[in-house]
>>> print(open('run34.txt').read())   # compact mmCIF, C-alpha atoms
# COMPACT_ATOMS: atom_id res chain seq x y z
CA MET F 14 15.34 22.94 206.08
CA PHE F 15 15.39 22.45 209.84
CA LYS F 16 17.17 19.46 211.36
CA TRP F 17 15.32 17.65 214.14
CA ILE F 18 18.40 17.83 216.37
CA ASP F 19 18.37 21.65 216.01
CA ILE F 20 14.70 21.77 217.02
CA VAL F 21 15.32 19.49 220.03
CA ASN F 22 18.28 21.64 221.11
CA LYS F 23 16.13 24.77 220.81
CA ILE F 24 13.39 23.21 222.95
CA ASN F 25 15.92 22.13 225.61
CA LYS F 26 17.43 25.62 225.66
CA THR F 27 13.98 27.20 226.07
CA LYS F 28 13.15 24.81 228.93
CA LYS F 29 16.32 25.88 230.76
CA GLN F 30 15.42 29.53 230.28
CA ILE F 31 11.93 28.96 231.71
CA VAL F 32 13.29 27.05 234.72
CA PHE F 33 15.76 29.87 235.43
CA ALA F 34 13.01 32.49 235.10
CA PHE F 35 10.92 30.66 237.73
CA TYR F 36 13.99 30.44 239.97
CA CYS F 37 14.51 34.21 239.78
CA LEU F 38 10.83 35.13 240.14
CA PRO F 39 10.71 35.08 243.99
CA HIS F 40 13.67 37.50 244.09
CA GLY F 41 12.13 40.07 241.74
CA ASP F 42 11.73 42.68 244.52
CA ASP F 43 15.27 42.15 245.87
CA LYS F 44 17.18 45.06 244.32
CA ARG F 45 20.64 43.68 245.21
CA TYR F 46 19.80 40.26 243.73
CA VAL F 47 18.41 41.79 240.53
CA GLU F 48 21.43 44.07 240.06
CA SER F 49 23.81 41.14 240.67
CA VAL F 50 22.10 39.02 238.01
CA LYS F 51 22.08 41.92 235.54
CA SER F 52 25.83 42.50 236.07
CA ILE F 53 26.77 38.91 235.15
CA GLY F 54 28.85 38.95 231.99
CA LYS F 55 29.64 42.67 232.34
CA GLU F 56 32.01 42.84 235.32
CA TYR F 57 35.42 42.35 233.71
CA ASN F 58 37.36 42.33 237.01
CA LEU F 59 35.89 39.09 238.38
CA VAL F 60 38.29 36.18 238.84
CA GLU F 61 38.24 32.92 240.80
CA ILE F 62 40.88 32.37 243.48
CA GLU F 63 42.24 28.97 242.50
CA LYS F 64 44.96 28.96 245.15
CA ASN F 65 46.01 31.48 247.82
CA HIS F 66 48.89 30.38 250.03
CA LYS F 67 50.08 33.79 251.11
CA ALA F 68 53.76 34.48 250.58
CA CYS F 69 55.51 37.82 250.71
CA GLY F 70 56.67 38.98 247.30
CA GLU F 71 55.13 35.99 245.48
CA SER F 72 54.06 36.63 241.88
CA ILE F 73 50.37 36.40 241.05
CA VAL F 74 49.64 33.87 238.32
CA TYR F 75 46.55 34.14 236.12
CA HIS F 76 45.36 30.73 234.90
CA ILE F 77 43.62 31.32 231.55
CA ALA F 78 41.51 28.17 231.46
CA MET F 79 39.79 28.31 228.07
CA LEU F 80 36.41 26.60 228.24
CA PRO F 81 35.46 24.08 225.54
CA SER F 82 33.44 25.64 222.74
CA GLY F 83 32.02 24.79 219.37
CA ALA F 84 33.86 27.77 217.92
CA GLY F 85 36.66 27.76 215.37
CA PHE F 86 40.37 28.01 216.08
CA PHE F 87 40.61 31.77 215.71
CA ALA F 88 37.38 32.52 217.55
CA ASP F 89 39.07 30.93 220.57
CA PHE F 90 42.45 32.48 219.75
CA ASN F 91 41.05 36.00 219.49
CA LYS F 92 39.24 35.46 222.78
CA LEU F 93 42.58 34.40 224.26
CA LEU F 94 44.06 37.75 223.19
CA SER F 95 41.30 39.44 225.22
CA TYR F 96 42.22 37.38 228.31
CA LEU F 97 45.89 38.28 227.79
CA TYR F 98 44.90 41.94 227.51
CA PHE F 99 43.20 41.63 230.91
CA ALA F 100 46.32 39.99 232.39
CA ASP F 101 48.52 42.72 230.96
CA LYS F 102 46.39 45.54 232.36
CA MET F 103 46.13 43.86 235.77
CA GLU F 104 49.90 43.14 235.77
CA ILE F 105 49.46 39.44 236.51
CA ILE F 106 51.34 36.54 234.90
CA PRO F 107 49.34 34.50 232.35
CA VAL F 108 49.48 30.73 231.98
CA VAL F 109 47.28 29.34 229.21
CA GLU F 110 45.42 26.04 229.11
CA PHE F 111 43.06 24.98 226.31
CA SER F 112 40.42 22.41 227.19
CA ALA F 113 40.97 18.73 226.43
CA GLU F 114 37.50 18.96 224.87
CA SER F 115 38.63 21.58 222.36
CA ARG F 116 37.73 20.86 218.73
CA TYR F 117 41.48 20.68 218.04
CA ALA F 118 42.47 18.42 220.94
CA GLU F 119 43.81 14.92 220.45
CA LYS F 120 43.51 12.03 222.91
CA ASN F 121 47.27 11.49 222.71
CA PRO F 122 50.05 14.03 223.39
CA VAL F 123 51.12 16.21 220.46
CA ASN F 124 54.57 17.81 220.33
CA GLY F 125 55.18 16.46 223.82
CA THR F 126 52.13 18.00 225.51
CA ARG F 127 48.48 17.32 226.31
CA ASN F 128 47.65 21.04 226.46
CA PRO F 129 46.19 21.94 223.02
CA PHE F 130 47.50 25.50 223.36
CA GLU F 131 51.05 24.17 223.60
CA TYR F 132 50.62 22.06 220.45
CA TYR F 133 51.31 25.32 218.61
CA PHE F 134 52.58 27.95 221.08
CA GLN F 135 55.00 28.55 223.93
CA GLN F 136 53.60 29.66 227.26
CA PRO F 137 53.53 33.50 227.33
CA ALA F 138 55.62 33.71 230.50
CA ASP F 139 57.50 30.40 230.09
CA ILE F 140 55.67 28.98 233.13
CA SER F 141 54.38 25.43 232.57
CA LEU F 142 51.09 24.13 233.91
CA ASN F 143 53.02 21.94 236.35
CA GLU F 144 55.00 24.94 237.59
CA MET F 145 51.78 26.94 237.90
CA HIS F 146 50.34 24.30 240.24
CA GLU F 147 53.34 24.85 242.52
CA MET F 148 52.79 28.62 242.70
CA LYS F 149 51.42 30.15 245.90
CA ILE F 150 48.83 32.54 244.44
CA VAL F 151 46.80 31.48 241.38
CA LEU F 152 43.80 33.33 239.98
CA LYS F 153 41.55 31.57 237.50
CA SER F 154 40.02 33.35 234.54
CA ARG F 155 36.31 33.99 234.14
CA ARG F 156 34.62 34.73 230.85
CA GLU F 157 33.73 38.22 232.11
CA ASN F 158 37.42 39.15 231.88
CA VAL F 159 37.15 39.59 228.09
CA VAL F 160 34.76 42.51 228.62
CA LEU F 161 37.72 44.80 229.27
CA ALA F 162 39.10 44.22 225.76
CA ASN F 163 35.62 44.31 224.23
CA SER F 164 35.18 47.80 225.65
CA LEU F 165 37.65 48.94 222.97
CA ASN F 166 34.97 48.25 220.37
CA ASP F 167 31.90 50.30 219.56
CA GLN F 168 29.86 47.13 220.04
CA SER F 169 30.53 44.61 222.80
CA GLY F 170 32.23 41.54 221.33
CA GLY F 171 30.99 40.01 218.11
CA TYR F 172 32.39 40.53 214.63
CA VAL F 173 32.65 44.32 214.51
CA LYS F 174 36.11 45.37 215.70
CA THR F 175 37.50 48.90 215.78
CA GLU F 176 40.97 49.95 214.63
CA ARG F 177 41.70 50.78 218.26
CA PHE F 178 40.91 47.18 219.25
CA LEU F 179 43.12 45.76 216.49
CA LYS F 180 46.05 47.98 217.47
CA GLU F 181 45.75 47.10 221.17
CA MET F 182 45.53 43.39 220.37
CA SER F 183 48.58 43.69 218.10
CA VAL F 184 50.58 44.91 221.11
CA ILE F 185 49.36 41.90 223.10
CA PHE F 186 50.17 39.57 220.19
CA ALA F 187 53.72 40.91 219.95
CA LYS F 188 54.26 40.62 223.70
CA TYR F 189 52.69 37.26 224.51
CA ILE F 190 52.20 35.09 221.40
CA LYS F 191 55.21 32.92 220.60
CA TYR F 192 55.15 29.87 218.34
CA ASN F 193 56.90 26.80 219.68
CA SER F 194 59.94 25.56 217.75
CA VAL F 195 57.99 22.85 215.87
CA THR F 196 55.31 25.29 214.69
CA GLU F 197 57.84 27.98 213.86
CA ASP F 198 59.88 25.62 211.68
CA MET F 199 56.79 24.24 209.92
CA LEU F 200 55.40 27.71 209.19
CA ALA F 201 58.73 29.01 207.87
CA ARG F 202 59.10 26.00 205.57
CA ASP F 203 55.52 25.97 204.28
CA THR F 204 55.09 29.71 203.69
CA GLN F 205 58.47 30.20 202.01
CA LYS F 206 57.89 27.19 199.77
CA ILE F 207 54.81 28.64 198.05
CA LYS F 208 55.26 32.41 198.46
CA GLY F 209 58.95 32.90 197.89
CA TRP F 210 59.79 36.58 197.55
CA LYS F 211 56.97 37.47 195.17
CA LYS F 212 54.65 40.35 195.97
CA THR F 213 51.41 38.60 196.88
CA LEU F 214 47.76 39.55 197.28
CA GLY F 215 46.26 37.49 200.09
CA VAL F 216 42.60 36.50 199.81
CA HIS F 217 40.48 34.85 202.50
CA VAL F 218 37.15 33.38 201.38
CA ARG F 219 35.06 32.00 204.24
CA GLY F 220 32.55 29.46 202.98
CA THR F 221 31.11 26.13 204.19
CA ASP F 222 28.99 26.72 207.33
CA PHE F 223 29.06 30.53 206.88
CA LYS F 224 26.50 29.89 204.14
CA ARG F 225 23.97 29.25 206.92
CA ASN F 226 24.10 32.95 207.84
CA TYR F 227 24.32 32.30 211.58
CA ASN F 228 22.70 34.79 213.91
CA GLY F 229 25.25 37.34 215.12
CA HIS F 230 27.66 36.39 212.32
CA PRO F 231 28.48 38.37 209.17
CA VAL F 232 26.10 38.25 206.23
CA LEU F 233 27.63 35.89 203.67
CA ILE F 234 29.84 37.44 200.99
CA SER F 235 29.46 35.34 197.84
CA THR F 236 32.50 33.87 196.12
CA GLU F 237 31.62 35.94 193.05
CA GLU F 238 31.80 39.15 195.13
CA TYR F 239 35.26 38.21 196.40
CA LEU F 240 36.35 37.39 192.84
CA GLU F 241 35.12 40.73 191.51
CA LYS F 242 37.08 42.65 194.15
CA VAL F 243 40.25 40.57 193.59
CA ILE F 244 40.07 41.12 189.82
CA GLN F 245 39.80 44.86 190.44
CA ILE F 246 42.86 45.01 192.73
CA PHE F 247 45.02 42.48 190.87
CA SER F 248 44.49 44.35 187.59
CA LYS F 249 46.46 47.30 189.02
CA GLY F 250 49.63 45.31 188.33
CA ILE F 251 51.12 45.64 191.81
CA TYR F 252 51.02 41.93 192.68
CA GLU F 253 52.72 38.96 191.05
CA GLN F 254 50.47 36.25 192.47
CA ILE F 255 47.40 35.60 194.61
CA PHE F 256 47.39 33.48 197.76
CA LEU F 257 43.95 31.99 198.41
CA ALA F 258 43.03 30.80 201.90
CA THR F 259 39.63 29.13 201.91
CA ASP F 260 37.78 26.26 203.53
CA ASP F 261 35.54 25.99 200.46
CA LEU F 262 36.38 23.75 197.49
CA ASN F 263 34.01 25.58 195.13
CA ALA F 264 35.74 28.89 195.85
CA LEU F 265 39.11 27.32 195.09
CA ARG F 266 37.84 25.97 191.75
CA LEU F 267 36.37 29.33 190.73
CA PHE F 268 39.59 31.23 191.47
CA GLU F 269 41.71 28.61 189.70
CA GLU F 270 39.49 28.86 186.62
CA HIS F 271 39.93 32.63 186.48
CA PHE F 272 43.56 33.14 187.53
CA GLY F 273 45.21 29.85 186.54
CA ASN F 274 48.84 29.63 187.64
CA LYS F 275 48.68 33.04 189.32
CA ILE F 276 46.84 31.35 192.21
CA ILE F 277 48.83 29.73 195.01
CA PHE F 278 47.37 27.82 197.95
CA PHE F 279 48.27 25.08 200.42
CA GLU F 280 47.36 21.78 198.83
CA ASN F 281 47.53 19.59 201.94
CA THR F 282 44.56 21.31 203.57
CA VAL F 283 41.14 19.88 204.37
CA ARG F 284 38.39 21.74 202.49
CA ALA F 285 34.70 21.00 202.07
CA GLU F 286 31.69 21.56 199.86
CA GLY F 287 28.20 22.45 201.02
CA ASN F 288 27.57 24.14 204.35
CA GLU F 289 29.29 21.88 206.89
CA SER F 290 32.35 23.19 208.73
CA VAL F 291 35.67 21.41 208.21
CA MET F 292 35.87 21.30 212.03
CA ASN F 293 33.28 18.54 211.83
CA SER F 294 35.16 16.57 209.17
CA TYR F 295 35.77 12.87 209.77
CA PRO F 296 39.27 12.09 211.15
CA ILE F 297 40.98 10.88 207.99
CA ARG F 298 44.59 10.96 209.23
CA GLU F 299 46.71 10.73 212.35
CA ASN F 300 46.35 13.79 214.60
CA HIS F 301 43.56 15.08 212.35
CA HIS F 302 42.25 17.65 214.86
CA TYR F 303 45.70 19.05 215.58
CA LEU F 304 46.39 19.36 211.86
CA LEU F 305 43.10 21.19 211.27
CA GLY F 306 44.33 23.76 213.77
CA TYR F 307 47.75 23.97 212.15
CA GLU F 308 46.24 24.42 208.68
CA VAL F 309 44.11 27.42 209.65
CA LEU F 310 47.02 28.85 211.68
CA ARG F 311 49.22 28.50 208.60
CA ASP F 312 46.61 30.26 206.44
CA MET F 313 46.46 33.13 208.93
CA GLU F 314 50.24 33.46 209.11
CA MET F 315 50.49 33.43 205.31
CA LEU F 316 47.76 36.08 204.96
CA SER F 317 49.65 38.27 207.44
CA ARG F 318 52.82 37.90 205.33
CA CYS F 319 51.13 38.96 202.08
CA GLU F 320 51.52 42.52 200.81
CA GLY F 321 47.79 43.01 200.19
CA LEU F 322 44.60 41.58 201.67
CA VAL F 323 41.04 40.97 200.48
CA ALA F 324 38.79 39.35 203.09
CA GLY F 325 35.46 39.52 204.83
CA LEU F 326 34.67 39.92 208.51
CA SER F 327 36.07 36.69 209.91
CA GLN F 328 38.08 35.58 212.90
CA VAL F 329 40.90 34.49 210.58
CA SER F 330 41.15 37.84 208.80
CA TYR F 331 41.06 39.72 212.11
CA ALA F 332 43.92 37.58 213.43
CA ALA F 333 45.93 38.15 210.22
CA ARG F 334 45.49 41.91 210.50
CA ILE F 335 46.49 41.82 214.18
CA ALA F 336 49.57 39.71 213.39
CA LYS F 337 50.54 42.13 210.61
CA LEU F 338 50.23 45.10 212.96
CA SER F 339 52.20 43.25 215.66
CA ARG F 340 55.23 43.43 213.36
CA LYS F 341 54.53 47.14 212.72
CA GLU F 342 53.67 46.37 209.10
CA SER F 343 50.72 47.42 206.94
CA TYR F 344 49.06 46.17 203.75
CA ILE F 345 49.39 48.07 200.47
CA ASP F 346 45.72 47.25 199.87
CA GLU F 347 43.38 46.18 202.67
CA GLU F 348 39.86 45.52 201.42
CA ILE F 349 37.43 44.13 204.00
CA LEU F 350 34.09 43.22 202.42
CA ASN F 351 31.22 43.85 204.80
CA ARG F 352 27.49 43.44 204.23
CA GLY F 353 26.57 43.72 207.88
CA ILE F 354 25.65 41.24 210.60
CA ASN F 355 22.78 38.75 210.66
CA TYR F 356 20.24 39.48 213.37
CA HIS F 357 17.53 36.82 213.47
CA ARG F 358 16.46 33.75 215.42
CA ARG F 359 16.66 30.56 213.41
CA TYR F 360 17.01 26.97 214.53
CA ASN F 361 20.29 26.56 212.64
CA CYS F 362 22.04 29.23 214.72
CA PRO F 363 24.71 27.99 217.16
CA ASN F 364 24.12 28.64 220.85
>>> encode(input="run34.txt", output="structure tokens")
Amino acid sequence: MFKWIDIVNKINKTKKQIVFAFYCLPHGDDKRYVESVKSIGKEYNLVEIEKNHKACGESIVYHIAMLPSGAGFFADFNKLLSYLYFADKMEIIPVVEFSAESRYAEKNPVNGTRNPFEYYFQQPADISLNEMHEMKIVLKSRRENVVLANSLNDQSGGYVKTERFLKEMSVIFAKYIKYNSVTEDMLARDTQKIKGWKKTLGVHVRGTDFKRNYNGHPVLISTEEYLEKVIQIFSKGIYEQIFLATDDLNALRLFEEHFGNKIIFFENTVRAEGNESVMNSYPIRENHHYLLGYEVLRDMEMLSRCEGLVAGLSQVSYAARIAKLSRKESYIDEEILNRGINYHRRYNCPN
């Protein structure tokens, strides 16, 4: 069932494409112009010079200014790892800023900052945004910079990541990703409280809006398929309990029915039914958007601390695997369910 707003958005997008095509038409015989347009999005070494007050020996700062997006927390986080990979290879100093229009941004300061990145993390090089503005040479990120990291995959970007990509990103994670003291304390308390020292099989079931089978996103793995695989692995007797990370209430109910008190999960987490993302949930508490980010970050951290993993192709499961590798650890069992990627053009697909 199409929504009128989706149809209107599709029409507006098509109008922009037509206008741009007419703009380019007069330049069709200009080889340099055509090659320049075709290279957009592929030249990883493009940056914007934000400030250049020449000073001998001055460090070069790389301002990773994450653009607002409709993507989830770990879609943006995994993109950040790609920007940090670029900074590392270019030997420039990263300073990270998430947009005030981020899905996880609050109108008020959180943990003493208005930068949504710093709600959860320390700056990679311990240089604040204010200090960055005092630096002599500042380069600003462009979205093309992620192409360098994407070249580690067999396919450019998207949901299909190679082992080489995961290993390289784990090095970047270990070097640059540091939780701030508030996040670190909260994660230690929450994960230890429910996991303890028991050998745990981590399970990530992505539901809600994934049921729409977005174009360019993984084909939906049903809850029943996840359950079948978990039953198979848990029956080996290696694990004492199952940690379930899911945004889907129906998945939680099904696993509870089958495994009873062997299932552990974070209770104070927003979940949903149907096919609407929890990102779009109504603010029901103070700092709701910040807490949505913390809850999925906590799920990822917990999945990375489990001894086994069952998951699909998702940004959360990729981040958990990268975090695990960053500590030079590996899962006893690592089962990634994959039915391929959706390739179609439907009105319900995000831009």
>>> residues_around(input="run34.txt", residues="Asn121 in chain F", least_positions_apart="5", cutoff="9 Å", atoms="all atoms listed in the file", output="list of chain:residue names")
F:Thr126, F:Arg127, F:Asn300
>>> closest_residue(input="run34.txt", among="F:Val329, F:Val151, F:Leu80, F:Ile345", to="Ser115 in chain F", atoms="all atoms listed in the file")
F:Leu80
>>> atom_distance(input="run34.txt", atom1="CA of Leu350 in chain F", atom2="CA of Gly325 in chain F")
4.6 Å
>>> atom_distance(input="run34.txt", atom1="CA of Thr259 in chain F", atom2="CA of Leu304 in chain F")
15.5 Å
>>> atom_distance(input="run34.txt", atom1="CA of Ile73 in chain F", atom2="CA of Phe178 in chain F")
26.1 Å
>>> closest_residue(input="run34.txt", among="F:Ala78, F:Leu165, F:Ile251, F:Leu200", to="Leu152 in chain F", atoms="all atoms listed in the file")
F:Ala78
>>> closest_residue(input="run34.txt", among="F:Asn91, F:Ser330, F:Tyr344, F:Thr282", to="Asp203 in chain F", atoms="all atoms listed in the file")
F:Thr282
>>> residues_around(input="run34.txt", residues="Lys211 in chain F", least_positions_apart="5", cutoff="10 Å", atoms="all atoms listed in the file", output="list of chain:residue names")
F:Tyr252, F:Glu253, F:Gln254, F:Ile255, F:Cys319, F:Glu320
>>> residues_around(input="run34.txt", residues="Tyr239 in chain F", least_positions_apart="3", cutoff="9 Å", atoms="all atoms listed in the file", output="list of chain:residue names")
F:Val216, F:His217, F:Val218, F:Ile234, F:Ser235, F:Thr236, F:Lys242, F:Val243, F:Ile244, F:Val323, F:Ala324, F:Gly325, F:Leu350
>>> closest_residue(input="run34.txt", among="F:Ile207, F:Ala84, F:Ile297, F:Ile105", to="Asp312 in chain F", atoms="all atoms listed in the file")
F:Ile207
>>> residues_around(input="run34.txt", residues="Val74 in chain F", least_positions_apart="2", cutoff="9 Å", atoms="all atoms listed in the file", output="list in words")
Ser72, His76, Ile105, Ile106, Pro107, Val108, Met145, Met148, Lys149, Ile150, Val151, Leu152 and Lys153 of chain F
>>> residues_near_point(input="run34.txt", point="(49.5, 25.7, 206.7)", cutoff="9 Å", atoms="all atoms listed in the file", output="count of residues only")
18
>>> closest_residue(input="run34.txt", among="F:Tyr331, F:Phe268, F:Tyr189, F:Phe278", to="Leu97 in chain F", atoms="all atoms listed in the file")
F:Tyr189
>>> closest_residue(input="run34.txt", among="F:Gln135, F:Ala285, F:Leu94, F:Phe86", to="Lys180 in chain F", atoms="only C-alpha atoms")
F:Leu94
>>> decode(input="run34.txt", residues="range 303-313 of chain F", atoms="all heavy atoms", output="PDB file, in the first residue's frame")
ATOM      1  N   TYR F 303      18.459  10.847  22.466  1.00  0.00           N
ATOM      2  CA  TYR F 303      19.750  10.407  23.002  1.00  0.00           C
ATOM      3  C   TYR F 303      19.663   8.982  23.524  1.00  0.00           C
ATOM      4  O   TYR F 303      20.543   8.151  23.255  1.00  0.00           O
ATOM      5  CB  TYR F 303      20.195  11.353  24.118  1.00  0.00           C
ATOM      6  CG  TYR F 303      21.168  10.738  25.094  1.00  0.00           C
ATOM      7  CD1 TYR F 303      22.476  10.428  24.715  1.00  0.00           C
ATOM      8  CD2 TYR F 303      20.782  10.452  26.413  1.00  0.00           C
ATOM      9  CE1 TYR F 303      23.369   9.853  25.619  1.00  0.00           C
ATOM     10  CE2 TYR F 303      21.672   9.880  27.311  1.00  0.00           C
ATOM     11  CZ  TYR F 303      22.956   9.577  26.914  1.00  0.00           C
ATOM     12  OH  TYR F 303      23.839   8.999  27.794  1.00  0.00           O
ATOM     13  N   LEU F 304      18.599   8.673  24.236  1.00  0.00           N
ATOM     14  CA  LEU F 304      18.456   7.338  24.817  1.00  0.00           C
ATOM     15  C   LEU F 304      18.243   6.272  23.748  1.00  0.00           C
ATOM     16  O   LEU F 304      18.707   5.139  23.895  1.00  0.00           O
ATOM     17  CB  LEU F 304      17.297   7.326  25.822  1.00  0.00           C
ATOM     18  CG  LEU F 304      17.573   8.096  27.120  1.00  0.00           C
ATOM     19  CD1 LEU F 304      16.318   8.188  27.975  1.00  0.00           C
ATOM     20  CD2 LEU F 304      18.715   7.451  27.903  1.00  0.00           C
ATOM     21  N   LEU F 305      17.564   6.614  22.654  1.00  0.00           N
ATOM     22  CA  LEU F 305      17.446   5.667  21.542  1.00  0.00           C
ATOM     23  C   LEU F 305      18.838   5.290  21.033  1.00  0.00           C
ATOM     24  O   LEU F 305      19.115   4.117  20.735  1.00  0.00           O
ATOM     25  CB  LEU F 305      16.619   6.267  20.399  1.00  0.00           C
ATOM     26  CG  LEU F 305      15.114   6.395  20.595  1.00  0.00           C
ATOM     27  CD1 LEU F 305      14.489   7.092  19.388  1.00  0.00           C
ATOM     28  CD2 LEU F 305      14.457   5.031  20.811  1.00  0.00           C
ATOM     29  N   GLY F 306      19.707   6.291  20.916  1.00  0.00           N
ATOM     30  CA  GLY F 306      21.077   6.019  20.488  1.00  0.00           C
ATOM     31  C   GLY F 306      21.823   5.162  21.485  1.00  0.00           C
ATOM     32  O   GLY F 306      22.524   4.206  21.113  1.00  0.00           O
ATOM     33  N   TYR F 307      21.663   5.482  22.782  1.00  0.00           N
ATOM     34  CA  TYR F 307      22.354   4.691  23.802  1.00  0.00           C
ATOM     35  C   TYR F 307      21.870   3.246  23.799  1.00  0.00           C
ATOM     36  O   TYR F 307      22.673   2.307  23.935  1.00  0.00           O
ATOM     37  CB  TYR F 307      22.148   5.295  25.194  1.00  0.00           C
ATOM     38  CG  TYR F 307      22.708   4.390  26.273  1.00  0.00           C
ATOM     39  CD1 TYR F 307      24.084   4.240  26.431  1.00  0.00           C
ATOM     40  CD2 TYR F 307      21.864   3.619  27.075  1.00  0.00           C
ATOM     41  CE1 TYR F 307      24.617   3.373  27.377  1.00  0.00           C
ATOM     42  CE2 TYR F 307      22.385   2.748  28.020  1.00  0.00           C
ATOM     43  CZ  TYR F 307      23.758   2.624  28.165  1.00  0.00           C
ATOM     44  OH  TYR F 307      24.274   1.747  29.081  1.00  0.00           O
ATOM     45  N   GLU F 308      20.580   3.039  23.614  1.00  0.00           N
ATOM     46  CA  GLU F 308      20.024   1.681  23.666  1.00  0.00           C
ATOM     47  C   GLU F 308      20.565   0.792  22.551  1.00  0.00           C
ATOM     48  O   GLU F 308      20.894  -0.380  22.779  1.00  0.00           O
ATOM     49  CB  GLU F 308      18.494   1.747  23.622  1.00  0.00           C
ATOM     50  CG  GLU F 308      17.890   2.236  24.928  1.00  0.00           C
ATOM     51  CD  GLU F 308      16.471   2.757  24.815  1.00  0.00           C
ATOM     52  OE1 GLU F 308      15.852   2.569  23.740  1.00  0.00           O
ATOM     53  OE2 GLU F 308      15.974   3.353  25.794  1.00  0.00           O
ATOM     54  N   VAL F 309      20.686   1.331  21.347  1.00  0.00           N
ATOM     55  CA  VAL F 309      21.223   0.511  20.256  1.00  0.00           C
ATOM     56  C   VAL F 309      22.736   0.352  20.411  1.00  0.00           C
ATOM     57  O   VAL F 309      23.300  -0.704  20.076  1.00  0.00           O
ATOM     58  CB  VAL F 309      20.832   1.082  18.872  1.00  0.00           C
ATOM     59  CG1 VAL F 309      21.562   2.377  18.567  1.00  0.00           C
ATOM     60  CG2 VAL F 309      21.089   0.055  17.775  1.00  0.00           C
ATOM     61  N   LEU F 310      23.406   1.362  20.949  1.00  0.00           N
ATOM     62  CA  LEU F 310      24.841   1.248  21.253  1.00  0.00           C
ATOM     63  C   LEU F 310      25.072   0.166  22.309  1.00  0.00           C
ATOM     64  O   LEU F 310      26.001  -0.657  22.191  1.00  0.00           O
ATOM     65  CB  LEU F 310      25.373   2.594  21.744  1.00  0.00           C
ATOM     66  CG  LEU F 310      26.841   2.660  22.163  1.00  0.00           C
ATOM     67  CD1 LEU F 310      27.759   2.347  20.994  1.00  0.00           C
ATOM     68  CD2 LEU F 310      27.180   4.028  22.745  1.00  0.00           C
ATOM     69  N   ARG F 311      24.220   0.125  23.308  1.00  0.00           N
ATOM     70  CA  ARG F 311      24.316  -0.887  24.361  1.00  0.00           C
ATOM     71  C   ARG F 311      24.077  -2.290  23.797  1.00  0.00           C
ATOM     72  O   ARG F 311      24.783  -3.235  24.155  1.00  0.00           O
ATOM     73  CB  ARG F 311      23.291  -0.564  25.449  1.00  0.00           C
ATOM     74  CG  ARG F 311      23.254  -1.550  26.603  1.00  0.00           C
ATOM     75  CD  ARG F 311      22.264  -1.098  27.666  1.00  0.00           C
ATOM     76  NE  ARG F 311      20.901  -1.017  27.153  1.00  0.00           N
ATOM     77  CZ  ARG F 311      19.855  -0.596  27.862  1.00  0.00           C
ATOM     78  NH1 ARG F 311      20.028  -0.194  29.111  1.00  0.00           N
ATOM     79  NH2 ARG F 311      18.653  -0.553  27.330  1.00  0.00           N
ATOM     80  N   ASP F 312      23.097  -2.427  22.901  1.00  0.00           N
ATOM     81  CA  ASP F 312      22.859  -3.724  22.255  1.00  0.00           C
ATOM     82  C   ASP F 312      24.098  -4.182  21.483  1.00  0.00           C
ATOM     83  O   ASP F 312      24.504  -5.342  21.545  1.00  0.00           O
ATOM     84  CB  ASP F 312      21.669  -3.636  21.305  1.00  0.00           C
ATOM     85  CG  ASP F 312      20.335  -3.882  21.995  1.00  0.00           C
ATOM     86  OD1 ASP F 312      20.328  -4.352  23.151  1.00  0.00           O
ATOM     87  OD2 ASP F 312      19.287  -3.612  21.370  1.00  0.00           O
ATOM     88  N   MET F 313      24.686  -3.252  20.725  1.00  0.00           N
ATOM     89  CA  MET F 313      25.875  -3.592  19.947  1.00  0.00           C
ATOM     90  C   MET F 313      27.017  -4.038  20.846  1.00  0.00           C
ATOM     91  O   MET F 313      27.667  -5.053  20.599  1.00  0.00           O
ATOM     92  CB  MET F 313      26.316  -2.383  19.114  1.00  0.00           C
ATOM     93  CG  MET F 313      27.504  -2.645  18.180  1.00  0.00           C
ATOM     94  SD  MET F 313      29.155  -2.745  18.968  1.00  0.00           S
ATOM     95  CE  MET F 313      29.344  -1.059  19.586  1.00  0.00           C
TER      96      MET F 313
END
